[in-house]
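S.K.: Here it is: the structure, laid out below.
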Amino acid sequence: MANEIAVKNFYQQSTNKHTGILSWLLTKDHKRIGLMYMMAIMSFFVVGMIIGLLMRLELIAPGRTIMNAQTYNTLFTLHGVIMIFLFIIPGLPAIFGNFFLPIQIGAADVAFPRLNLLSWYIYMIGATLVIVSLFLPGGPIDTGWTFYIPYSIRSTTNVSMALFAAFVLGFSSILTGINFITTVHRLRAPGMGFFKMPLFVWATYATAWIQIIATPVIAITILLVIIERAFGVGIFDPALGGDPILFQHMFWIYSHPAVYIMILPAMGVVSEIIPTFSRRTIFGYKQIAYSSLAIAFIGYLVWAHHMFSSGMSDTARWIFSLLTFIVALPSGVKIFNWVATMYKGSIDPQPPFLWVMNFIFLFSIGGLTGLVLGSLATDIHLTDTYFVVAHFHYVMFGGTGTIFFAALHYWFPKMFGRMYNMKFARIAVVLYFIGFNMLYFPKFIMGYMGMPRRYYDYLPQFTPYQRISTIGSWILVGTIFFIFGYLIHALRKGKKATSNPWGGVTMEWHIPSPPPLENFKTIPTVTHEPYDFSQLKEMKNE
Amino acid sequence: MSGNNKHHISYGTYIIVWLALLAFTSLTVTIAGVNLGRYTLFIALSIAAIKSALVINIFMHIKFDEPIFKVFLGISGSTLFIIFLLTFFDYIYR
């Protein structure tokens with residue numbers, strides 16, 4: 001584009017008078033805040049990943065290998081807390097939502113830039129509290145990331161502090177949600193009706209609603225547990241007349257919708273990448289948009305499928321089992337529409353597209369095994385086994401985690417103005433696929449055979465499966481470091497990216513790479529449908 | 001928006017609402033000591049709902065605000081209602 005040379009990018013221009021690190025720490029620019037989230041979230045991801053690697057190493061052989069049982073308990077708890085609260089929940093909305101939502105709707109920034117920065121600080125405070133809780137007397141939390149009662153009331157580890165950290169992190173999530181909803185309602189460019197918004201915006205918008213409505217429930221629950229630990233009030237502890245199943249209800253009323261906080265933005269990214277690399281408008285735009293809202297809504301109605309063996313009433317069990325199956329409908333709508341978009345498209349299998357193919361395969365396995373767990377009878381057999389662990393990782397890591405890498409590869413040229421090595425990126429997709437399936441697929445088999453989750457030791461018949469799984473973890477972690485390696489190398493030495501290296505047509509591809517400070521010279525007027533590829537010709541002439 | 005609207009609520013109204021809230025709180029505490037069987041929870045929740053409605057409408061000015069805020073609140077309130085309803089399928093039939 002003509003203005004590419006003349007306009008300074010957001011790295012070269014600050015929203016404040018400071019330079020260096022202060023210009024970042026006090027910034028109000030949504031792109032810089034997105035990158036600050038990226039630094040923090042990816043650092044925690046690496047920590048969580050190394051903890052997972054150590055756990056897998058412990059399980060390479062039966063009995064004690066490299067740690068004792070208590071250390072193992074704290075590690076699986078930390079792995080869960082870090083990956084859930086510090087990586088997957090904030091990951092896509094806070095990084096890519098912050099960076100691209102305002103650009104995709106033609107806005108100069110989010111509605112509340114200062115609140116946006118505050119959200120980042122609250123996230124960092126919450127994360128710091130998690131870290132501090134590891135080193136205080138009492139030691140790291142060992143309850144598992146679900147904090148189930150009554151053990152979390154009685155554990156002498158730093159449960160209250162870790163819970164308080166989750167409470168603080170929740171506020172960051174709520175504020176980001178408020179910011180995104182207001183931005184979508186108030187700051188869309190002229191001509192950008194709701195049904196001209198890119199589907200990533202739709203997905204992030206639906207996610208923001210879940211963040212606002214569901215997160216206060218976990219905040220209340222957490223506070224009640226902290227009060228119960230401090231004062232022995234007896235809300236959840238059966239020894240004091242409380243109801244432990246009430247805790248599970250309240251925990252999952254948040255934590256199940258939270259699963260959709262994690263996956264919906266990922267589905268939005270998929271809806272961006274597939275049309276771009278199929279050179280074809282998305283099939284069923286409105287249906288995909290509505291299915292995001294439907295998933296967000298139905299997500300509230302299915303929480304107790306985590307509790308089929310908890311002792312709740314039989315009536316509740318069959319009702320929640322029935323409701324669970326309904327989620328498959330909007331999810332199916334998305335998958336079929338994505339596949340239909342590719343049909344007769346002019347497919348260009350660049351790395352972001354290959355990551356999405358990885359996602360569709362892995363997420364489909366995760367989704368279909370979810371139906372096995374949603375059925376009452378089979379769930380009773382598989383509850384608290386490795387089958388659940390495998391299902392969860394296929395959905396969350398195979399789903400959201402894989403799309404995190406897809407989004408990173410798709411938007412990297414726009415965010416940093418550099419291209420990475422395509423050959424390395426293609427190799428990484430293949431290695432990731434091999435490592436992922438070696439790591440997690442044996443867990444389905446072990447779970448079906450009765451291997452319980454969260455056990456430090458196991459019977460000898462599980463040894464071959466555990467060993468394959470551990471070797472898979474080495475391949476997967478090695479691949480992820482390989483990805484970070486070539487991306488970091490690209491930051492410094494990569495070829496300069498053009499404004500539209502993939503041939504996309506949504507708003508971010510109309511502006512220079514990296515974007516200027518307030519994104520657009522003047523706020524644009526939107527005349528095209530979001531995935532109208534006839535604009536490509538006009539864009540080339542601009 | 002609430003910051004811009006011209007509607008002014010008198011101090012008298014605020015005091016009446018405050019007294020009503022206190023009265024409802026006393027009622028909740030009193031009812032907690034009376035054995036009403038399976039209706040106890042229903043009555044307690046109804047009182048809480050009335051109190052919330054007073055706070056939201058009068059103290060938070062939603063009654064006088066733009067319709068979009070009422071829609072947003074309606075979505076959140078309906079979701080909460082459904083969550084309560086589904087939870088009762090466990091508690092009533094356990």
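Within each chain, counting starts at residue 1; across the structure tokens, chains are named A, B, ... in the order shown, with ligands numbered 1 upward in that order.
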Contacts between chain B and chain A, please, where a residue of chain A counts if it comes within 6 Å (with only C-alpha atoms); show its shortest atom pair and distance in Å to one decimal, rows by chain and ascending number, as JSON lines.

M.R.:
```
{"residue": "A:Met312", "atom": "CA", "partner": "B:Asp90", "partner_atom": "CA", "distance": 5.7}
{"residue": "A:Ser313", "atom": "CA", "partner": "B:Arg94", "partner_atom": "CA", "distance": 4.3}
{"residue": "A:Ala316", "atom": "CA", "partner": "B:Asp90", "partner_atom": "CA", "distance": 5.0}
```

S.K.: Env of range 444-447 of chain A: 8 Å cut, atoms = only C-alpha atoms, seq-sep filter 2 positions within chain, self excluded. Answer as number ranges by chain.

M.R.: A: 382, 385-388, 390-391, 440-442, 449-452, 462, 465

S.K.: Take the residues from that selection and put them in a file with C-alpha atoms, as a short mmCIF file (atom, residue, chain, number, x, y, z; two decimals), in the first residue's frame.

M.R.:
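The resulting out-v1.cif:
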```
data_model
loop_
_atom_site.label_atom_id
_atom_site.label_comp_id
_atom_site.auth_asym_id
_atom_site.auth_seq_id
_atom_site.Cartn_x
_atom_site.Cartn_y
_atom_site.Cartn_z
CA LEU A 382 -14.73 -43.78 32.53
CA THR A 385 -9.74 -42.21 34.34
CA TYR A 386 -7.12 -41.25 31.77
CA PHE A 387 -9.94 -41.29 29.19
CA VAL A 388 -11.16 -37.99 30.63
CA ALA A 390 -7.18 -37.61 26.96
CA HIS A 391 -10.57 -36.17 25.96
CA TYR A 440 -2.46 -38.35 24.31
CA PHE A 441 -3.94 -41.22 22.31
CA PRO A 442 -2.52 -43.97 24.58
CA MET A 449 -8.58 -50.18 30.68
CA GLY A 450 -9.14 -48.46 34.04
CA MET A 451 -6.02 -46.32 34.64
CA PRO A 452 -7.15 -43.60 37.10
CA PHE A 462 0.17 -49.92 31.62
CA TYR A 465 1.33 -47.12 26.92
#
```

S.K.: Mind checking which residues fall within 7 Å of Val327 in chain A, counting only C-alpha atoms, ignoring those fewer than 3 positions away in the same chain, and posting them as a CSV table (one decimal) with N, CA, C and O atoms, in the first residue's frame?

M.R.:
```csv
chain,number,residue,atom,x,y,z
A,295,ILE,N,-23.6,-21.8,21.1
A,295,ILE,CA,-22.7,-22.5,22.0
A,295,ILE,C,-22.5,-21.8,23.3
A,295,ILE,O,-22.5,-22.4,24.4
A,298,ILE,N,-25.8,-22.5,25.3
A,298,ILE,CA,-26.0,-23.9,25.7
A,298,ILE,C,-24.9,-24.3,26.7
A,298,ILE,O,-25.1,-25.1,27.6
A,324,THR,N,-26.4,-32.2,27.3
A,324,THR,CA,-25.0,-32.2,26.8
A,324,THR,C,-25.0,-32.5,25.3
A,324,THR,O,-24.2,-31.9,24.6
A,330,PRO,N,-24.6,-27.1,17.5
A,330,PRO,CA,-23.9,-25.9,16.9
A,330,PRO,C,-22.5,-26.2,16.6
A,330,PRO,O,-21.9,-25.6,15.7
A,331,SER,N,-21.8,-27.1,17.3
A,331,SER,CA,-20.4,-27.5,17.0
A,331,SER,C,-20.4,-28.1,15.7
A,331,SER,O,-19.5,-27.8,14.8
```

S.K.: Please identify the helix (DSSP H, G or I) residues within range 415-495 of chain A (assignment by DSSP from backbone atoms) and present them as a ChimeraX atom specification.

M.R.: /A:415-416,422-449,460-493

S.K.: Set out as a tab-separated table a contact list for range 5-87 of chain A and range 414-433 of chain A with a cut-off of 10 Å, giving each residue of range 5-87 of chain A that qualifies its closest atom pair and distance in Å to one decimal, counting only C-alpha atoms, ordered by chain and rising residue number.

M.R.:
```
residue	atom	partner	partner_atom	distance
A:Asn9	CA	A:Gly417	CA	9.6
A:Phe10	CA	A:Met415	CA	9.8
A:Tyr11	CA	A:Phe416	CA	9.1
A:Lys31	CA	A:Met415	CA	8.3
A:Arg32	CA	A:Met415	CA	9.9
A:Gly34	CA	A:Met415	CA	9.9
A:Leu35	CA	A:Met415	CA	8.7
```

S.K.: Once you have the residues from the selection above, write them out as a PDB file, in the first residue's frame, restricted to C-alpha atoms.

M.R.:
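Result written to out.pdb:
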```pdb
ATOM      1  CA  ASN A   9       4.102   1.637  12.850  1.00  0.00           C
ATOM      2  CA  PHE A  10       2.932   1.142  16.442  1.00  0.00           C
ATOM      3  CA  TYR A  11       6.386   0.004  17.569  1.00  0.00           C
ATOM      4  CA  LYS A  31      -1.825  -3.822  20.056  1.00  0.00           C
ATOM      5  CA  ARG A  32       0.934  -3.249  22.576  1.00  0.00           C
ATOM      6  CA  GLY A  34      -2.007  -7.619  23.245  1.00  0.00           C
ATOM      7  CA  LEU A  35       1.744  -8.179  22.858  1.00  0.00           C
TER       8      LEU A  35
END
```

S.K.: Please provide as number ranges by chain all residues within 9 Å of range 21-29 of chain B, with the sequence filter that same-chain residues fewer than 2 positions apart are discarded (counting only C-alpha atoms).

M.R.: B: 16-19, 31-33, 43-44, 47-48, 50-51, 54-55

S.K.: Can you tell me which residues surround Phe405 in chain A at a distance of at most 9 Å, considering only C-alpha atoms, apart from same-chain residues fewer than 6 positions away, and format the answer as a list in words?

M.R.: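 What passes the distance filter is Pro352, Trp355 and Ile483 of chain A.
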
S.K.: At a cut-off of 10 Å, can you tabulate as a tab-separated table every residue of range 29-50 of chain A near range 110-131 of chain A together with its closest atom pair and the distance in Å to one decimal, using only C-alpha atoms and ordering rows by chain then number?

M.R.:
```
residue	atom	partner	partner_atom	distance
A:Asp29	CA	A:Pro113	CA	6.8
A:His30	CA	A:Val110	CA	6.6
A:Lys31	CA	A:Val110	CA	9.9
A:Arg32	CA	A:Leu117	CA	9.6
A:Ile33	CA	A:Leu117	CA	6.5
A:Gly34	CA	A:Trp120	CA	8.9
A:Met36	CA	A:Trp120	CA	7.9
A:Tyr37	CA	A:Trp120	CA	6.8
A:Ala40	CA	A:Met124	CA	7.9
A:Ile41	CA	A:Met124	CA	9.7
A:Phe44	CA	A:Ala127	CA	8.8
```

S.K.: Export, as a compact mmCIF listing (two decimals), in the first residue's frame, the selected residues with N, CA and C atoms.

M.R.:
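Result file follows (out.txt):
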```txt
# COMPACT_ATOMS: atom_id res chain seq x y z
N ASP A 29 -2.33 1.52 23.90
CA ASP A 29 -2.54 0.95 22.57
C ASP A 29 -2.93 -0.54 22.70
N HIS A 30 -4.06 -0.89 22.11
CA HIS A 30 -4.54 -2.28 22.23
C HIS A 30 -3.55 -3.29 21.67
N LYS A 31 -2.76 -2.88 20.66
CA LYS A 31 -1.83 -3.82 20.06
C LYS A 31 -0.66 -4.11 21.01
N ARG A 32 -0.17 -3.05 21.62
CA ARG A 32 0.93 -3.25 22.58
C ARG A 32 0.46 -4.07 23.78
N ILE A 33 -0.77 -3.78 24.22
CA ILE A 33 -1.29 -4.54 25.37
C ILE A 33 -1.45 -6.01 24.97
N GLY A 34 -1.91 -6.25 23.74
CA GLY A 34 -2.01 -7.62 23.25
C GLY A 34 -0.65 -8.31 23.27
N MET A 36 1.90 -7.49 25.19
CA MET A 36 2.32 -7.70 26.59
C MET A 36 1.66 -8.95 27.17
N TYR A 37 0.37 -9.13 26.81
CA TYR A 37 -0.29 -10.38 27.20
C TYR A 37 0.45 -11.58 26.60
N ALA A 40 3.58 -12.51 28.53
CA ALA A 40 3.28 -13.12 29.83
C ALA A 40 2.68 -14.51 29.65
N ILE A 41 1.68 -14.59 28.78
CA ILE A 41 0.95 -15.86 28.63
C ILE A 41 1.85 -16.95 28.08
N PHE A 44 4.12 -18.29 30.80
CA PHE A 44 3.45 -19.24 31.69
C PHE A 44 3.18 -20.55 30.97
```
